[in-house]
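Novice: Got a structure for you, written out below as structure tokens; questions coming shortly.
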Amino acid sequence: MNYDFDVFVIGAGSGGVRTARMAAAAGAKVAVADDRALGGTCVNVGCVPKKLYTYASHFSHDVANAAGFGWQVPAVKFDWPTLVANKKHEISRLNTIYGNLLNSSGAHVIAGYAQLKDAHTVTVSNQDYTAERIVIATGGTPNIPPVGYADLLISSDQIFDLPEFPKRLLVVGAGYIALEFACIFQGLGSQVEVSYRGDLIMRGFDQDVRQFVDQEMRKQGIVLSYQSQVENVEKQTDGSLLVTFNDGSSRQVDQVLMAIGRNPRLQGIGLERVGIQTTASGTIAVNDKFQTNISSIYALGDVTGGIELTPVALAEAMTLVNHWYGDGSKTMDYEFIPTAVFTQPNVGTIGLTEQQARDQYSHIDVYSADFKPMKHTLSGNDERSFMKLIVDKTSDRVIGLHIVGEGAGEMLQGFGVAIKAGATKADFDATIGIHPTSAEELVTMRV
């Protein structure tokens with residue numbers, strides 16, 4: 001059959017753009033459609049603007065720390081509109097780059113919300129396009145619960161462009177997105193409270209890391225409220241929000257950020273019409289080649305319910321295109337994927353938590369260090385760093401590494417290579433440390 005395209009990609013986020021570009025580079029006739037700005041969540045309302053705002057928030061800490069090193073810094077003032085405007089300019093630049101990358105690859109970009117019509121047809125703005133293969137890479141969207149006060153809540157999509165800076169911010173949730181924004185806005189000058197219905201932040205991370213981050217966030221003045229649930233939010237005459245909690249207490253704030261997870265962005269895409277199978281959690285079910293139960297339709301990235309990280313979606317896209325137009329040798333290995341959380345201080349983690357290691361291995365050794373970084377011996381700041389190695393005692397292989405401290409993500413990338421390659425504790429011990437750095441703790445641990 002003659003199709004309009006060899007590959008039609010629905011979604012121009014990280015995974016979708018990479019799929020389109022690589023398939024086009026392999027000689028395929030490719031289209032990619034999206035109704036939003038090119039680059040998806042990561043570029044527009046995720047990783048990129050969040051990291052820019054994280055940088056911005058660190059300057060208040062740097063100014064405070066400078067006095068101990070002899071700097072007499074006059075009163076400083078933060079201007080929210082300047083940050084927002086400069087962020088928008090940078091994101092616009094990146095949107096243009098993504099467009100140029102797609103155009104130069106030969107991929108055809110279609111603006112509009114794409115819907116599946118059948119196994120080989122996609123409809124965009126009442127126009128049908130046929131393709132031999134269709135890829136769903138629409139990413140995720142913030143989860144806003146269907147409550148009566150939902151219109152008074154904001155998500156991570158809106159928080160970057162608020163018309164006024166929130167002097168009092170309530171963050172609902174305690175995952176990495178919630179905590180990153182809590183630290184960002186505290187650093188920029190907000191009074192921040194985190195409300196979480198559970199017992200401790202960062203569910204799924206190593207227990208020691210969770211407790212350590214809790215301790216460090218409290219030092220900054222962030223209020224962490226556990227066993228806490230919002231019962232109601234009411235707008236007041238002065239524009240503020242009155243938040244009532246399950247224990248009967250209430251707070252007046254300027255914004256309520258709902259950060260309780262993300263859902264796959266699949267609304268109205270036509271999965272039921274085509275008969276694509278989904279999981280119990282509403283994600284698209286795929287095999288190890290990212291193929292759905294409809295052989296011509298594939299899915300990758302956040303919509304499949306896997307690890308929701310941009311580099312993972314990129315790797316999945318490369319693997320998928322290799323299956324089609326390469327030698328088929330690429331496979332996805334989801335073990336030992338490093339990840340960072342850009343709280344203050346940062347968190348970097350790879351491999352197993354201590355509890356996971358105890359569940360999976362008969363004998364493990366655990367090494368840890370809790371110390372004041374050299375920088376803060378003069379700054380007067382009481383921030384501390386924490387590092388932890390988990391070792392399979394039988395093979396001596398390092399199976400978990402966890403860092404809490406300044407630059408944890410940067411540190412972790414190099415150690416991630418070593419751990420992915422199978423480094424042992426003996427390899428760590430044989431490596432000469434770089435002195436004086438925090439990272440050298442990871443190769444000098446003996447306890």
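Identifiers in this document derive from the order of the structure tokens: chains are assigned A, B, ..., residues are numbered from 1 separately in each chain, and ligands are numbered from 1 in order of occurrence.
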Set the distance at 7 Å and use only C-alpha atoms: which residues neighbour Gly13 of chain A once local chain neighbours fewer than 2 positions away are removed? I'd like the list as a list in words.

Specialist: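 That gives Gly11, Gly15, Gly16, Val17, Leu38, Gly39, Gly40 and Thr41 of chain A.
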
Novice: Using only C-alpha atoms, which protein or nucleic acid residues come within 8 Å of segment 105-116 of chain A? Drop anything in the same chain fewer than 2 positions from it, and give the result as a list in words.

Specialist: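 With the cut-off at 8 Å, the set is Ile10, Ala20, Arg21, Ala24, Ala25, Lys29, Val30, Ala31, Val32, Ala33, Asp34, Asp35, Arg36, Leu101, Leu102, Asn103, Asp118, Ala119, Thr121, Val122, Thr123, Val124, Ser125, Gly268, Ile269, Gly270, Leu271, Arg273 and Val274 of chain A.
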
Novice: Any chance you could list, as a ChimeraX atom specification, the residues in segment 27-238 of chain A that come up alpha helix (DSSP H) when DSSP is run on the backbone?

Specialist: /A:40-45,47-66,80-105,176-188,207-219

Novice: Counting only C-alpha atoms, what is within 10 Å of Leu309 of chain A, bar same-chain residues fewer than 6 positions away, as a list in words?

Specialist: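 After dropping sequence-adjacent residues, the list is Ser14, Cys42, Cys47, Gly301, Asp302, Ile337 and Thr339 of chain A.
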
Novice: Using C-alpha atoms, can you write the selected residues to a file as a short mmCIF file (atom, residue, chain, number, x, y, z; two decimals), in the first residue's frame?

Specialist:
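What ended up in selection_34.cif:
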data_model
loop_
_atom_site.label_atom_id
_atom_site.label_comp_id
_atom_site.auth_asym_id
_atom_site.auth_seq_id
_atom_site.Cartn_x
_atom_site.Cartn_y
_atom_site.Cartn_z
CA SER A 14 12.15 14.65 23.50
CA CYS A 42 11.23 19.05 29.14
CA CYS A 47 13.72 20.17 32.94
CA GLY A 301 8.42 7.68 26.78
CA ASP A 302 6.11 8.67 29.62
CA ILE A 337 19.97 4.57 35.33
CA THR A 339 19.03 10.36 38.19
#

Novice: Just want the 10 Å neighbourhood of Tyr298 of chain A, counted on only C-alpha atoms, with same-chain residues fewer than 2 positions away dropped. Output as JSON, numbers by chain.

Specialist: {"A": [9, 133, 134, 135, 136, 137, 276, 284, 285, 286, 287, 289, 290, 291, 292, 293, 294, 295, 296, 300, 304, 320]}

Novice: From segment 67-263 of chain A, collect each residue whose DSSP state is strand (DSSP E) and return the set as a CSV table (one decimal) with C-alpha atoms, in the first residue's frame.

Specialist:
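Everything below was put into part-v1.csv:
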chain,number,residue,atom,x,y,z
A,108,HIS,CA,7.5,17.3,8.0
A,109,VAL,CA,6.2,19.2,11.0
A,110,ILE,CA,2.4,19.5,11.4
A,111,ALA,CA,0.9,21.8,14.0
A,114,ALA,CA,-3.3,14.4,16.3
A,115,GLN,CA,-5.8,11.6,16.7
A,116,LEU,CA,-5.8,8.0,15.6
A,117,LYS,CA,-8.4,7.1,13.0
A,118,ASP,CA,-7.2,3.5,12.3
A,121,THR,CA,-4.3,6.8,9.7
A,122,VAL,CA,-3.9,9.9,11.8
A,123,THR,CA,-6.2,12.9,11.7
A,124,VAL,CA,-4.9,16.4,12.4
A,127,GLN,CA,-6.9,16.3,7.6
A,128,ASP,CA,-6.1,12.5,7.3
A,129,TYR,CA,-2.5,11.3,7.0
A,130,THR,CA,-1.6,7.7,6.4
A,131,ALA,CA,1.6,6.0,7.6
A,132,GLU,CA,3.2,2.6,7.6
A,133,ARG,CA,4.1,3.1,11.2
A,134,ILE,CA,2.7,5.4,13.9
A,135,VAL,CA,4.5,6.4,17.1
A,136,ILE,CA,2.7,7.8,20.1
A,140,GLY,CA,2.6,13.3,30.4
A,141,THR,CA,0.5,16.1,32.0
A,142,PRO,CA,0.3,17.1,35.7
A,168,ARG,CA,3.5,32.4,50.4
A,169,LEU,CA,3.5,29.1,48.6
A,170,LEU,CA,1.8,25.8,49.6
A,171,VAL,CA,3.2,22.8,47.7
A,172,VAL,CA,1.0,19.7,47.8
A,191,GLN,CA,7.6,31.3,52.6
A,192,VAL,CA,7.1,27.6,51.6
A,193,GLU,CA,5.1,24.8,53.2
A,194,VAL,CA,5.0,21.2,51.8
A,195,SER,CA,1.8,19.3,52.6
A,223,VAL,CA,7.8,23.7,56.6
A,224,LEU,CA,7.2,20.0,56.0
A,225,SER,CA,3.8,18.8,57.1
A,230,VAL,CA,-6.0,19.7,51.8
A,231,GLU,CA,-9.7,19.6,52.4
A,232,ASN,CA,-10.7,22.9,50.7
A,233,VAL,CA,-9.3,26.0,49.1
A,234,GLU,CA,-11.3,29.3,49.0
A,235,LYS,CA,-10.4,32.5,47.3
A,241,LEU,CA,-6.2,31.6,49.1
A,242,LEU,CA,-7.5,30.2,52.4
A,243,VAL,CA,-6.5,26.5,52.6
A,244,THR,CA,-8.2,24.2,55.1
A,245,PHE,CA,-6.6,20.9,56.1
A,250,SER,CA,-6.0,26.6,57.9
A,251,ARG,CA,-3.4,28.7,56.2
A,252,GLN,CA,-3.6,31.8,54.0
A,253,VAL,CA,-1.3,31.6,51.0
A,255,GLN,CA,-0.7,30.0,45.5
A,256,VAL,CA,-1.2,26.3,45.9
A,257,LEU,CA,1.0,24.1,43.7
A,258,MET,CA,-0.5,20.7,43.1
A,262,ARG,CA,1.7,13.1,36.3
A,263,ASN,CA,-0.7,11.2,34.0

Novice: Can you tell me which residues surround Gly282 of chain A at a distance of at most 9 Å, considering only C-alpha atoms, apart from same-chain residues fewer than 4 positions away, and format the answer as number ranges by chain?

Specialist: A: 263-264, 266, 278, 303-305

Novice: I need the chosen residues saved as a short mmCIF file (atom, residue, chain, number, x, y, z; two decimals), in the first residue's frame, with C-alpha atoms.

Specialist:
data_model
loop_
_atom_site.label_atom_id
_atom_site.label_comp_id
_atom_site.auth_asym_id
_atom_site.auth_seq_id
_atom_site.Cartn_x
_atom_site.Cartn_y
_atom_site.Cartn_z
CA ASN A 263 -0.69 11.22 33.97
CA PRO A 264 -0.03 10.07 30.39
CA LEU A 266 -3.67 10.46 25.97
CA THR A 278 -3.67 -0.05 28.12
CA VAL A 303 2.96 7.27 27.97
CA THR A 304 4.24 3.71 28.52
CA GLY A 305 4.51 4.05 32.31
#

Novice: With distances taken over only C-alpha atoms, which of A:Arg384, A:Asp396, A:Tyr367, A:Ile97 is nearest to Val447 of chain A?

Specialist: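 Going through A:Arg384, A:Asp396, A:Tyr367, A:Ile97 one by one, the smallest distance to Val447 of chain A is for A:Tyr367.
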
Novice: Can you tell me, as a PyMOL selection string, what residues are no more than 10 Å from Ala369 of chain A when counting only C-alpha atoms, ignoring any on the same chain fewer than 2 positions away?

Specialist: chain A and resi 367+371+385-389+403+441-442+444-447

Novice: Name the closest residue to Val63 of chain A among the candidates A:Ser438, A:Asn381, A:Phe165, A:Gln355; distances are taken between atoms, counting only C-alpha atoms.

Specialist: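 Checking each of A:Ser438, A:Asn381, A:Phe165, A:Gln355 against Val63 of chain A, counting only C-alpha atoms, the winner is A:Asn381.
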